>>> print(open('start.cif').read())   # mmCIF, C-alpha atoms and all ligand atoms
data_final
loop_
_atom_site.label_atom_id
_atom_site.label_comp_id
_atom_site.auth_asym_id
_atom_site.auth_seq_id
_atom_site.Cartn_x
_atom_site.Cartn_y
_atom_site.Cartn_z
CA MET B 11 0.00 0.00 0.00
CA GLY B 12 1.15 3.54 -0.69
CA ALA B 13 0.85 6.34 1.87
CA LEU B 14 -2.56 6.27 3.51
CA ALA B 15 -4.94 9.19 3.87
CA PRO B 16 -4.84 10.69 7.38
CA CYS B 17 -8.36 9.45 8.14
CA ALA B 18 -7.64 5.87 6.99
CA VAL B 19 -7.42 3.10 9.58
CA GLN B 20 -3.77 2.35 10.29
CA ALA B 21 -1.56 0.88 13.00
CA SER B 22 -1.36 4.21 14.84
CA ASN B 23 -5.14 4.63 15.30
CA SER B 24 -6.30 0.98 15.42
CA ARG B 25 -7.91 -0.38 18.56
CA GLY B 26 -6.27 -3.75 17.92
CA ARG B 27 -7.47 -7.24 18.80
CA GLN B 28 -9.46 -8.41 21.81
CA ILE B 29 -6.65 -10.79 22.71
CA PRO B 30 -3.32 -9.10 21.96
CA GLU B 31 -0.99 -10.92 19.58
CA ALA B 32 2.54 -10.30 18.32
CA PRO B 33 2.44 -8.38 15.02
CA PRO B 34 2.69 -10.55 11.87
CA ALA B 35 6.16 -10.80 10.35
CA TYR B 36 5.38 -10.28 6.68
CA ARG B 37 1.82 -9.02 6.55
CA SER B 38 -0.20 -6.10 7.82
CA GLU B 39 -2.63 -6.78 10.68
CA TRP B 40 -5.46 -6.55 8.17
CA GLN B 41 -3.87 -8.94 5.73
CA ARG B 42 -3.76 -11.36 8.63
CA ASP B 43 -7.48 -10.76 9.25
CA ARG B 44 -8.21 -11.37 5.58
CA ASP B 45 -6.17 -14.58 5.61
CA ARG B 46 -7.97 -15.87 8.72
CA ILE B 47 -11.29 -15.18 7.02
CA ILE B 48 -10.28 -17.02 3.85
CA HIS B 49 -9.07 -20.02 5.89
CA SER B 50 -12.34 -20.24 7.85
CA ALA B 51 -14.89 -23.00 7.32
CA ALA B 52 -17.69 -20.43 7.05
CA PHE B 53 -15.92 -18.81 4.10
CA ARG B 54 -15.63 -22.09 2.21
CA ARG B 55 -19.30 -22.81 2.78
CA LEU B 56 -20.27 -19.57 0.98
CA GLU B 57 -19.63 -21.49 -2.23
CA TYR B 58 -22.77 -23.52 -1.68
CA LYS B 59 -25.06 -20.83 -0.35
CA THR B 60 -27.71 -19.03 -2.37
CA GLN B 61 -27.37 -15.46 -3.49
CA VAL B 62 -30.70 -15.25 -5.38
CA PHE B 63 -30.84 -18.61 -7.09
CA VAL B 64 -30.65 -21.76 -4.98
CA ASN B 65 -27.25 -23.32 -5.44
CA HIS B 66 -28.37 -26.32 -7.47
CA GLU B 67 -30.41 -24.24 -9.95
CA GLY B 68 -27.42 -23.81 -12.21
CA ASP B 69 -23.65 -23.49 -12.23
CA MET B 70 -23.65 -20.12 -13.94
CA PHE B 71 -25.29 -18.04 -11.21
CA ARG B 72 -23.65 -16.10 -8.41
CA THR B 73 -23.28 -17.78 -5.08
CA ARG B 74 -22.47 -16.03 -1.81
CA LEU B 75 -18.83 -16.82 -2.46
CA THR B 76 -18.58 -15.24 -5.90
CA HIS B 77 -20.73 -12.36 -4.63
CA SER B 78 -18.29 -11.77 -1.76
CA LEU B 79 -15.35 -11.85 -4.19
CA GLU B 80 -17.04 -9.28 -6.42
CA VAL B 81 -17.73 -7.04 -3.42
CA ALA B 82 -14.08 -7.33 -2.34
CA GLN B 83 -12.78 -6.53 -5.79
CA ILE B 84 -14.97 -3.42 -6.13
CA ALA B 85 -14.19 -2.31 -2.56
CA ARG B 86 -10.43 -2.65 -3.05
CA THR B 87 -10.46 -0.47 -6.16
CA ILE B 88 -12.36 2.25 -4.30
CA ALA B 89 -10.19 2.00 -1.17
CA ARG B 90 -7.00 2.22 -3.15
CA ALA B 91 -8.20 5.19 -5.19
CA LEU B 92 -9.06 7.04 -1.95
CA SER B 93 -5.77 6.04 -0.24
CA LEU B 94 -7.68 4.08 2.39
CA ASN B 95 -6.60 0.82 4.02
CA GLU B 96 -7.19 -1.62 1.17
CA ASP B 97 -6.40 -4.72 3.24
CA LEU B 98 -8.99 -3.80 5.86
CA THR B 99 -11.60 -3.02 3.21
CA GLU B 100 -10.95 -6.38 1.59
CA ALA B 101 -11.21 -8.24 4.90
CA ILE B 102 -14.57 -6.62 5.70
CA ALA B 103 -15.91 -7.35 2.21
CA LEU B 104 -14.87 -11.00 2.28
CA ALA B 105 -16.40 -11.50 5.73
CA HIS B 106 -19.61 -9.51 5.28
CA ASP B 107 -21.83 -12.50 4.44
CA LEU B 108 -20.19 -15.20 6.57
CA GLY B 109 -23.26 -15.39 8.79
CA HIS B 110 -25.76 -15.76 5.99
CA THR B 111 -28.18 -18.65 6.24
CA PRO B 112 -28.66 -21.17 3.45
CA PHE B 113 -31.30 -20.14 0.85
CA GLY B 114 -30.53 -16.43 0.79
CA HIS B 115 -33.06 -13.94 2.09
CA ALA B 116 -35.79 -16.54 2.33
CA GLY B 117 -33.57 -18.44 4.76
CA GLN B 118 -32.85 -15.30 6.78
CA HIS B 119 -36.57 -14.47 7.05
CA ALA B 120 -37.50 -18.01 8.03
CA LEU B 121 -34.83 -18.29 10.70
CA ASN B 122 -35.61 -14.82 12.03
CA ALA B 123 -39.27 -15.83 12.40
CA CYS B 124 -38.30 -19.07 14.19
CA MET B 125 -36.03 -17.11 16.51
CA ALA B 126 -38.53 -14.30 17.22
CA PRO B 127 -39.22 -15.50 20.80
CA PHE B 128 -35.47 -15.81 21.43
CA GLY B 129 -34.14 -12.46 20.25
CA GLY B 130 -34.44 -12.98 16.49
CA PHE B 131 -31.84 -13.82 13.86
CA GLU B 132 -29.93 -11.22 11.90
CA HIS B 133 -27.27 -12.23 9.38
CA ASN B 134 -24.99 -9.26 10.11
CA LEU B 135 -24.88 -10.12 13.74
CA GLN B 136 -24.38 -13.74 12.81
CA SER B 137 -21.35 -12.84 10.68
CA LEU B 138 -19.84 -11.29 13.80
CA ARG B 139 -20.74 -14.39 15.85
CA VAL B 140 -18.96 -16.53 13.26
CA VAL B 141 -15.70 -14.61 13.52
CA ASP B 142 -15.96 -13.98 17.27
CA GLU B 143 -17.15 -17.36 18.55
CA LEU B 144 -18.23 -20.02 16.11
CA GLU B 145 -15.01 -20.66 14.19
CA GLN B 146 -12.87 -22.90 16.38
CA ARG B 147 -9.44 -23.11 14.78
CA TYR B 148 -6.88 -21.41 16.98
CA ALA B 149 -5.33 -22.75 20.17
CA ALA B 150 -5.09 -19.41 21.94
CA PHE B 151 -8.60 -18.02 21.43
CA PRO B 152 -12.11 -18.85 20.28
CA GLY B 153 -13.15 -17.37 16.93
CA LEU B 154 -10.66 -15.60 14.68
CA ASN B 155 -9.65 -12.81 17.09
CA LEU B 156 -9.96 -10.25 14.29
CA GLY B 157 -9.04 -6.60 14.74
CA TYR B 158 -11.60 -4.16 16.11
CA GLU B 159 -12.01 -2.29 12.81
CA THR B 160 -12.67 -5.50 10.86
CA ARG B 161 -15.32 -6.55 13.39
CA GLU B 162 -16.87 -3.09 13.42
CA GLY B 163 -17.11 -3.22 9.61
CA ILE B 164 -18.75 -6.65 9.64
CA LEU B 165 -21.48 -5.34 11.94
CA LYS B 166 -23.24 -3.22 9.34
CA HIS B 167 -26.60 -2.96 11.15
CA CYS B 168 -27.55 -3.56 14.73
CA ASN B 169 -30.63 -2.79 16.78
CA ARG B 170 -30.44 -1.10 20.16
CA ARG B 171 -30.99 -4.21 22.23
CA ASN B 172 -28.24 -6.13 20.45
CA ALA B 173 -25.93 -3.11 20.55
CA LEU B 174 -26.32 -2.92 24.32
CA ALA B 175 -25.45 -6.60 24.62
CA LEU B 176 -22.46 -6.42 22.26
CA GLY B 177 -20.61 -3.56 23.92
CA GLU B 178 -17.70 -1.71 22.31
CA VAL B 179 -17.96 -3.11 18.79
CA ALA B 180 -21.56 -1.84 18.54
CA GLU B 181 -21.27 1.39 20.51
CA ARG B 182 -21.61 3.52 17.39
CA PHE B 183 -25.23 2.37 17.04
CA LEU B 184 -25.98 3.81 20.47
CA GLN B 185 -23.96 6.97 19.98
CA GLY B 186 -25.03 7.77 16.40
CA ARG B 187 -21.42 7.61 15.22
CA GLN B 188 -20.01 6.40 11.90
CA PRO B 189 -17.82 3.39 11.17
CA SER B 190 -14.43 3.77 9.45
CA LEU B 191 -14.28 4.90 5.83
CA GLU B 192 -13.09 1.40 4.94
CA ALA B 193 -16.29 -0.07 6.41
CA GLN B 194 -18.40 2.51 4.58
CA VAL B 195 -16.67 1.60 1.29
CA ALA B 196 -17.26 -2.12 1.86
CA HIS B 197 -20.96 -1.51 2.65
CA LEU B 198 -21.64 0.46 -0.53
CA SER B 199 -19.55 -1.92 -2.64
CA ASP B 200 -22.02 -4.62 -1.59
CA ASP B 201 -24.83 -2.55 -3.15
CA ILE B 202 -22.88 -1.97 -6.37
CA ALA B 203 -22.04 -5.67 -6.66
CA TYR B 204 -25.46 -7.16 -6.11
CA ASN B 205 -27.49 -4.63 -8.08
CA ASN B 206 -25.35 -5.34 -11.11
CA HIS B 207 -24.87 -9.07 -10.81
CA ASP B 208 -28.55 -9.61 -10.09
CA VAL B 209 -29.38 -7.90 -13.39
CA ASP B 210 -26.95 -10.28 -15.09
CA ASP B 211 -28.25 -13.41 -13.33
CA GLY B 212 -31.86 -12.26 -13.75
CA LEU B 213 -31.42 -11.96 -17.52
CA ARG B 214 -29.46 -15.20 -17.77
CA SER B 215 -32.20 -17.09 -15.92
CA GLY B 216 -34.87 -15.69 -18.22
CA LEU B 217 -36.83 -14.32 -15.23
CA LEU B 218 -35.98 -10.81 -16.42
CA VAL B 219 -36.16 -9.73 -20.05
CA LEU B 220 -34.23 -6.98 -21.75
CA GLU B 221 -37.31 -4.87 -22.50
CA GLN B 222 -37.98 -4.49 -18.77
CA LEU B 223 -34.44 -3.35 -18.07
CA LEU B 224 -34.68 -0.69 -20.78
CA GLU B 225 -37.13 1.13 -18.51
CA MET B 226 -34.34 1.59 -15.97
CA ARG B 227 -32.43 4.83 -16.41
CA LEU B 228 -29.06 3.42 -15.31
CA PHE B 229 -29.34 0.54 -17.76
CA ARG B 230 -30.92 2.40 -20.66
CA ARG B 231 -28.28 5.09 -21.00
CA HIS B 232 -25.44 2.59 -21.30
CA PHE B 233 -27.45 0.25 -23.48
CA ASP B 234 -28.09 2.98 -26.04
CA ALA B 235 -24.42 3.98 -26.04
CA VAL B 236 -23.25 0.40 -26.56
CA ARG B 237 -25.80 -0.27 -29.31
CA LEU B 238 -24.81 2.92 -31.13
CA ARG B 239 -21.14 1.99 -31.12
CA TYR B 240 -21.51 -1.78 -31.65
CA ALA B 241 -24.65 -2.21 -33.75
CA SER B 242 -24.31 -5.91 -34.54
CA LEU B 243 -23.06 -7.24 -31.20
CA PRO B 244 -24.99 -10.29 -29.92
CA GLU B 245 -27.36 -9.47 -27.09
CA ARG B 246 -25.47 -11.38 -24.39
CA ARG B 247 -22.31 -9.37 -25.06
CA VAL B 248 -24.26 -6.13 -25.10
CA VAL B 249 -25.65 -6.99 -21.67
CA HIS B 250 -22.18 -7.74 -20.28
CA GLU B 251 -20.81 -4.52 -21.72
CA VAL B 252 -23.70 -2.53 -20.23
CA ILE B 253 -23.18 -4.07 -16.80
CA ARG B 254 -19.45 -3.47 -16.98
CA ARG B 255 -20.13 0.19 -17.73
CA MET B 256 -22.74 0.47 -14.98
CA ILE B 257 -20.28 -0.88 -12.40
CA ASN B 258 -17.56 1.41 -13.66
CA GLU B 259 -19.83 4.44 -13.51
CA GLN B 260 -21.02 3.67 -9.98
CA VAL B 261 -17.48 3.08 -8.73
CA SER B 262 -16.25 6.33 -10.31
CA ASP B 263 -19.24 8.23 -8.95
CA LEU B 264 -18.55 6.89 -5.44
CA ILE B 265 -14.85 7.75 -5.58
CA GLU B 266 -15.39 11.30 -6.85
CA THR B 267 -18.34 12.08 -4.57
CA THR B 268 -16.47 10.75 -1.54
CA ARG B 269 -13.33 12.65 -2.44
CA SER B 270 -15.20 15.94 -2.40
CA ALA B 271 -17.28 15.02 0.68
CA LEU B 272 -14.04 14.30 2.53
CA ALA B 273 -12.52 17.58 1.42
CA ASP B 274 -15.67 19.52 2.34
CA SER B 275 -15.87 17.90 5.76
CA GLY B 276 -12.29 18.82 6.55
CA ALA B 277 -11.94 15.47 8.34
CA GLN B 278 -8.27 14.86 9.07
CA SER B 279 -8.47 11.87 11.36
CA LEU B 280 -10.34 8.63 11.94
CA GLU B 281 -11.88 10.22 15.02
CA GLU B 282 -13.38 13.00 12.88
CA VAL B 283 -14.75 10.43 10.42
CA ARG B 284 -16.47 8.66 13.32
CA ALA B 285 -17.87 11.88 14.72
CA ALA B 286 -19.26 13.13 11.36
CA PRO B 287 -23.06 13.55 11.32
CA GLY B 288 -23.42 10.98 8.51
CA PRO B 289 -21.37 8.65 6.33
CA LEU B 290 -18.74 10.46 4.24
CA VAL B 291 -18.60 7.71 1.62
CA SER B 292 -21.51 8.31 -0.73
CA PHE B 293 -22.87 8.50 -4.26
CA THR B 294 -24.26 11.60 -5.95
CA PRO B 295 -28.02 12.02 -5.37
CA GLU B 296 -28.61 11.26 -9.09
CA MET B 297 -26.74 7.96 -8.82
CA ARG B 298 -28.60 7.13 -5.61
CA ALA B 299 -31.91 7.73 -7.40
CA GLY B 300 -30.90 5.49 -10.31
CA GLN B 301 -29.85 2.75 -7.91
CA SER B 302 -33.09 3.00 -5.93
CA GLU B 303 -35.07 2.65 -9.11
CA LEU B 304 -33.08 -0.44 -10.07
CA LYS B 305 -33.34 -1.89 -6.57
CA ALA B 306 -37.12 -1.47 -6.49
CA PHE B 307 -37.34 -3.05 -9.93
CA LEU B 308 -35.24 -6.05 -8.87
CA ARG B 309 -37.40 -6.51 -5.80
CA THR B 310 -40.70 -6.69 -7.64
CA GLU B 311 -39.54 -8.33 -10.87
CA LEU B 312 -36.83 -10.72 -9.67
CA TYR B 313 -36.87 -11.37 -5.92
CA ASP B 314 -40.68 -11.49 -5.92
CA HIS B 315 -40.95 -13.37 -9.22
CA TYR B 316 -43.29 -16.29 -8.71
CA ARG B 317 -40.57 -18.79 -9.56
CA VAL B 318 -38.17 -17.26 -7.05
CA ARG B 319 -41.00 -17.21 -4.48
CA ARG B 320 -41.61 -20.91 -5.06
CA MET B 321 -37.96 -21.65 -4.29
CA SER B 322 -38.12 -19.35 -1.29
CA MET B 323 -41.26 -20.98 0.08
CA LYS B 324 -39.72 -24.44 -0.13
CA SER B 325 -36.48 -23.37 1.48
CA ALA B 326 -38.26 -21.55 4.29
CA ARG B 327 -40.27 -24.68 4.95
CA VAL B 328 -37.10 -26.79 5.15
CA LEU B 329 -35.51 -24.45 7.70
CA ARG B 330 -38.69 -24.16 9.79
CA ALA B 331 -39.15 -27.91 9.88
CA LEU B 332 -35.55 -28.51 10.93
CA PHE B 333 -35.76 -25.79 13.58
CA GLU B 334 -38.91 -27.28 15.10
CA LEU B 335 -37.53 -30.77 15.08
CA PHE B 336 -34.29 -29.80 16.84
CA MET B 337 -36.13 -27.65 19.36
CA ASP B 338 -38.39 -30.61 20.20
CA ASP B 339 -35.56 -33.07 20.53
CA SER B 340 -32.00 -31.83 20.86
CA GLY B 341 -30.93 -35.49 21.00
CA LEU B 342 -31.20 -35.40 17.17
CA LEU B 343 -28.39 -32.84 16.98
CA PRO B 344 -24.78 -33.83 16.34
CA PRO B 345 -22.55 -33.91 19.46
CA GLN B 346 -20.73 -30.61 18.76
CA THR B 347 -24.03 -28.72 18.63
CA ARG B 348 -25.23 -30.38 21.84
CA GLU B 349 -21.96 -29.34 23.48
CA ARG B 350 -22.58 -25.78 22.36
CA ILE B 351 -26.03 -25.84 23.93
CA ALA B 352 -24.43 -26.92 27.18
CA ALA B 353 -21.83 -24.15 26.87
CA LEU B 354 -24.42 -21.47 26.01
CA ASP B 355 -26.61 -22.65 28.88
CA ASP B 356 -24.29 -20.95 31.34
CA ARG B 357 -25.08 -17.61 29.76
CA ALA B 358 -28.74 -17.90 28.76
CA ALA B 359 -31.84 -19.67 29.94
CA GLY B 360 -32.20 -23.28 28.75
CA GLU B 361 -34.64 -22.89 25.91
CA SER B 362 -33.11 -19.78 24.44
CA ALA B 363 -29.62 -21.29 24.63
CA ARG B 364 -30.93 -24.27 22.72
CA ALA B 365 -32.60 -22.02 20.14
CA ARG B 366 -29.41 -20.02 19.62
CA ALA B 367 -27.32 -23.16 19.15
CA VAL B 368 -29.89 -24.58 16.72
CA ALA B 369 -29.89 -21.28 14.80
CA ASP B 370 -26.08 -21.35 14.66
CA TYR B 371 -26.23 -24.91 13.35
CA LEU B 372 -28.86 -24.11 10.71
CA ALA B 373 -27.23 -20.84 9.63
CA GLY B 374 -23.94 -22.66 9.11
CA MET B 375 -25.50 -25.12 6.66
CA THR B 376 -25.06 -24.88 2.92
CA ASP B 377 -28.19 -25.10 0.75
CA ARG B 378 -27.54 -28.69 -0.17
CA TYR B 379 -26.62 -29.73 3.36
CA ALA B 380 -29.90 -28.32 4.67
CA LEU B 381 -31.83 -30.17 1.96
CA ALA B 382 -29.98 -33.42 2.72
CA GLU B 383 -30.60 -33.00 6.46
CA TYR B 384 -34.30 -32.46 5.78
CA GLU B 385 -34.37 -35.54 3.59
CA ARG B 386 -32.56 -37.65 6.21
CA LEU B 387 -34.92 -36.58 8.98
CA TYR B 388 -38.26 -36.44 7.20
CA SER B 389 -38.14 -38.94 4.38
CA PRO B 390 -39.14 -42.45 5.56
CA GLY B 391 -36.76 -44.09 3.10
CA ALA B 392 -33.65 -42.03 3.77
CA LEU B 393 -30.84 -43.23 6.03
CA PRO B 394 -30.62 -41.17 9.23
MG MG B 401 -23.69 -9.04 0.45
#
>>> encode(input="start.cif", output="structure tokens", more="lines below")
Ligand code: MG
Amino acid sequence: MGALAPCAVQASNSRGRQIPEAPPAYRSEWQRDRDRIIHSAAFRRLEYKTQVFVNHEGDMFRTRLTHSLEVAQIARTIARALSLNEDLTEAIALAHDLGHTPFGHAGQHALNACMAPFGGFEHNLQSLRVVDELEQRYAAFPGLNLGYETREGILKHCNRRNALALGEVAERFLQGRQPSLEAQVAHLSDDIAYNNHDVDDGLRSGLLVLEQLLEMRLFRRHFDAVRLRYASLPERRVVHEVIRRMINEQVSDLIETTRSALADSGAQSLEEVRAAPGPLVSFTPEMRAGQSELKAFLRTELYDHYRVRRMSMKSARVLRALFELFMDDSGLLPPQTRERIAALDDRAAGESARARAVADYLAGMTDRYALAEYERLYSPGALP
């Protein structure tokens, strides 16, 4: 990395790790965080978790893993252009979906409903649980013992009750303060990545058609420009070129808008970034409007498409059924999960400890593992 901006996260202003460790010999602290994330079991399982399309629907669609890689790649470009801590931004981006349930948002909704009497389920919070507690790989500490700024970035949202329980890492939600610029970059890179790749996957699946997209301002402008310049290009290549240009435009817009917002704010330190009245990383209002239009379109036309809803309904049913079964009889759970219930029992009342351990178990499943588990437990012919 070149010289960092004064308000970037760096060794001199970092709050460090919960359990202090000797500095790495050849890497930055944040490269070490990134490496721990990549070596985690939760990261590998992202390969078989739904983004929009259930994993077995086709090999060409995004999964949570390829989504996370796209977010990281976009976030690194932005961080580097703004002289921010690129390693930290990358670590946050790669970890941001570690706590996601199988079956995408349908899975999150279903598990949240099951967990309603026990404090709910929120995938952001779960991502933090994964890196703080659930990964068991190091002799000296539970979890990955990531740096404060990486953990703060992973916790994108948090309600008041959870913030009170979490302490320092969530204090900004109680104090109305901002996270680091690196976290802000990772958060908006997530939006850029999924808006664009969902257009691509939506068209590829046939659930969206080109004519619908031409109603979207962001898409239309680039489509017309590409068609004008390359009149005979096959449609699939036109679509890729349009998406490439949309990503490029959004990234450039974010970099330029943030550059001037930073200059206008006069922020010269991380502390001033945190104390700012709102996030300093942002798009122009015009770009925001275009993105909102696209987001609303994707919601009604893709995420709520009847074929997506059919997949969602089935997956929600699988998770609900497994949750109920394990709550009724924890003797059906594998030994490690039963041990976790016993461990959690010291901290929470019996039933809610069991619910949390069951939620951790279910959230950690890949799509296909959850389906196989359902089959094993509910199908009369399947081996247990
Ligand atoms: Mg994401």
>>> closest_atom_pairs(input="start.cif", of="range 121-226 of chain B", to="range 315-324 of chain B", cutoff="12 Å", atoms="all atoms listed in the file", output="JSON lines")
{"residue": "B:Gly212", "atom": "CA", "partner": "B:His315", "partner_atom": "CA", "distance": 10.2}
{"residue": "B:Ser215", "atom": "CA", "partner": "B:Arg317", "partner_atom": "CA", "distance": 10.6}
{"residue": "B:Gly216", "atom": "CA", "partner": "B:Arg317", "partner_atom": "CA", "distance": 10.8}
{"residue": "B:Leu217", "atom": "CA", "partner": "B:His315", "partner_atom": "CA", "distance": 7.3}
{"residue": "B:Leu218", "atom": "CA", "partner": "B:His315", "partner_atom": "CA", "distance": 9.1}
>>> closest_atom_pairs(input="start.cif", of="chain B", to="ligand MG 401 (chain B)", cutoff="7 Å", atoms="all atoms listed in the file", output="tab-separated table")
residue	atom	partner	partner_atom	distance
B:His77	CA	B:MG401	MG	6.8
B:Ser78	CA	B:MG401	MG	6.4
B:His106	CA	B:MG401	MG	6.3
B:Asp107	CA	B:MG401	MG	5.6
B:Asp200	CA	B:MG401	MG	5.1
>>> closest_residue(input="start.cif", among="B:Ala369, B:Met125, B:Leu393, B:Leu312", to="Pro112 in chain B", atoms="all atoms listed in the file")
B:Ala369
>>> residues_around(input="start.cif", residues="Asp208 in chain B", least_positions_apart="4", cutoff="8 Å", atoms="all atoms listed in the file", output="ChimeraX atom specification")
/B:62,204,212,308
>>> residues_around(input="start.cif", residues="range 37-46 of chain B", least_positions_apart="6", cutoff="9 Å", atoms="all atoms listed in the file", output="PyMOL selection string")
chain B and resi 21+26+95-102+104-105+154-157+160
>>> residues_around(input="start.cif", residues="range 284-301 of chain B", least_positions_apart="6", cutoff="10 Å", atoms="only C-alpha atoms", output="ChimeraX atom specification")
/B:17,182,185-198,201-202,205-206,226-229,259-275,277,307
>>> residues_around(input="start.cif", residues="Glu383 in chain B", least_positions_apart="4", cutoff="9 Å", atoms="all atoms listed in the file", output="PDB file with C-alpha atoms, keeping the file's coordinate frame")
ATOM      1  CA  LEU B 332     -35.550 -28.510  10.930  1.00  0.00           C
ATOM      2  CA  ARG B 378     -27.540 -28.690  -0.170  1.00  0.00           C
ATOM      3  CA  TYR B 379     -26.620 -29.730   3.360  1.00  0.00           C
ATOM      4  CA  LEU B 387     -34.920 -36.580   8.980  1.00  0.00           C
ATOM      5  CA  TYR B 388     -38.260 -36.440   7.200  1.00  0.00           C
ATOM      6  CA  PRO B 394     -30.620 -41.170   9.230  1.00  0.00           C
TER       7      PRO B 394
END
>>> atom_distance(input="start.cif", atom1="CA of Asp377 in chain B", atom2="CA of Val81 in chain B")
21.3 Å
>>> atom_distance(input="start.cif", atom1="CA of Glu145 in chain B", atom2="CA of Glu385 in chain B")
26.6 Å
>>> closest_residue(input="start.cif", among="B:Ala91, B:Cys124, B:Leu135, B:Leu335", to="Asn172 in chain B", atoms="only C-alpha atoms")
B:Leu135
>>> residues_around(input="start.cif", residues="Asp142 in chain B", least_positions_apart="3", cutoff="10 Å", atoms="only C-alpha atoms", output="list in words")
Gln28, Gln136, Ser137, Leu138, Arg139, Glu145, Gln146, Phe151, Pro152, Gly153, Leu154, Asn155, Leu156 and Arg161 of chain B
>>> write_last_selection(input="start.cif", atoms="C-alpha atoms", output="PDB file, keeping the file's coordinate frame")
ATOM      1  CA  GLN B  28      -9.460  -8.410  21.810  1.00  0.00           C
ATOM      2  CA  GLN B 136     -24.380 -13.740  12.810  1.00  0.00           C
ATOM      3  CA  SER B 137     -21.350 -12.840  10.680  1.00  0.00           C
ATOM      4  CA  LEU B 138     -19.840 -11.290  13.800  1.00  0.00           C
ATOM      5  CA  ARG B 139     -20.740 -14.390  15.850  1.00  0.00           C
ATOM      6  CA  GLU B 145     -15.010 -20.660  14.190  1.00  0.00           C
ATOM      7  CA  GLN B 146     -12.870 -22.900  16.380  1.00  0.00           C
ATOM      8  CA  PHE B 151      -8.600 -18.020  21.430  1.00  0.00           C
ATOM      9  CA  PRO B 152     -12.110 -18.850  20.280  1.00  0.00           C
ATOM     10  CA  GLY B 153     -13.150 -17.370  16.930  1.00  0.00           C
ATOM     11  CA  LEU B 154     -10.660 -15.600  14.680  1.00  0.00           C
ATOM     12  CA  ASN B 155      -9.650 -12.810  17.090  1.00  0.00           C
ATOM     13  CA  LEU B 156      -9.960 -10.250  14.290  1.00  0.00           C
ATOM     14  CA  ARG B 161     -15.320  -6.550  13.390  1.00  0.00           C
TER      15      ARG B 161
END
>>> atom_distance(input="start.cif", atom1="CA of Ala103 in chain B", atom2="CA of Ala82 in chain B")
4.9 Å
>>> closest_residue(input="start.cif", among="B:Met70, B:Arg214, B:Asn169, B:Tyr148", to="Gly129 in chain B", atoms="all atoms listed in the file")
B:Asn169
>>> closest_residue(input="start.cif", among="B:Ser362, B:Thr76, B:Thr87, B:Thr376", to="Pro127 in chain B", atoms="all atoms listed in the file")
B:Ser362
>>> axis_aligned_box(input="start.cif", around="range 365-380 of chain B", padding_each_side="6 Å", output="lines of an AutoDock Vina configuration file")
center_x = -28.3
center_y = -24.9
center_z = 10.0
size_x = 20.7
size_y = 21.7
size_z = 32.3
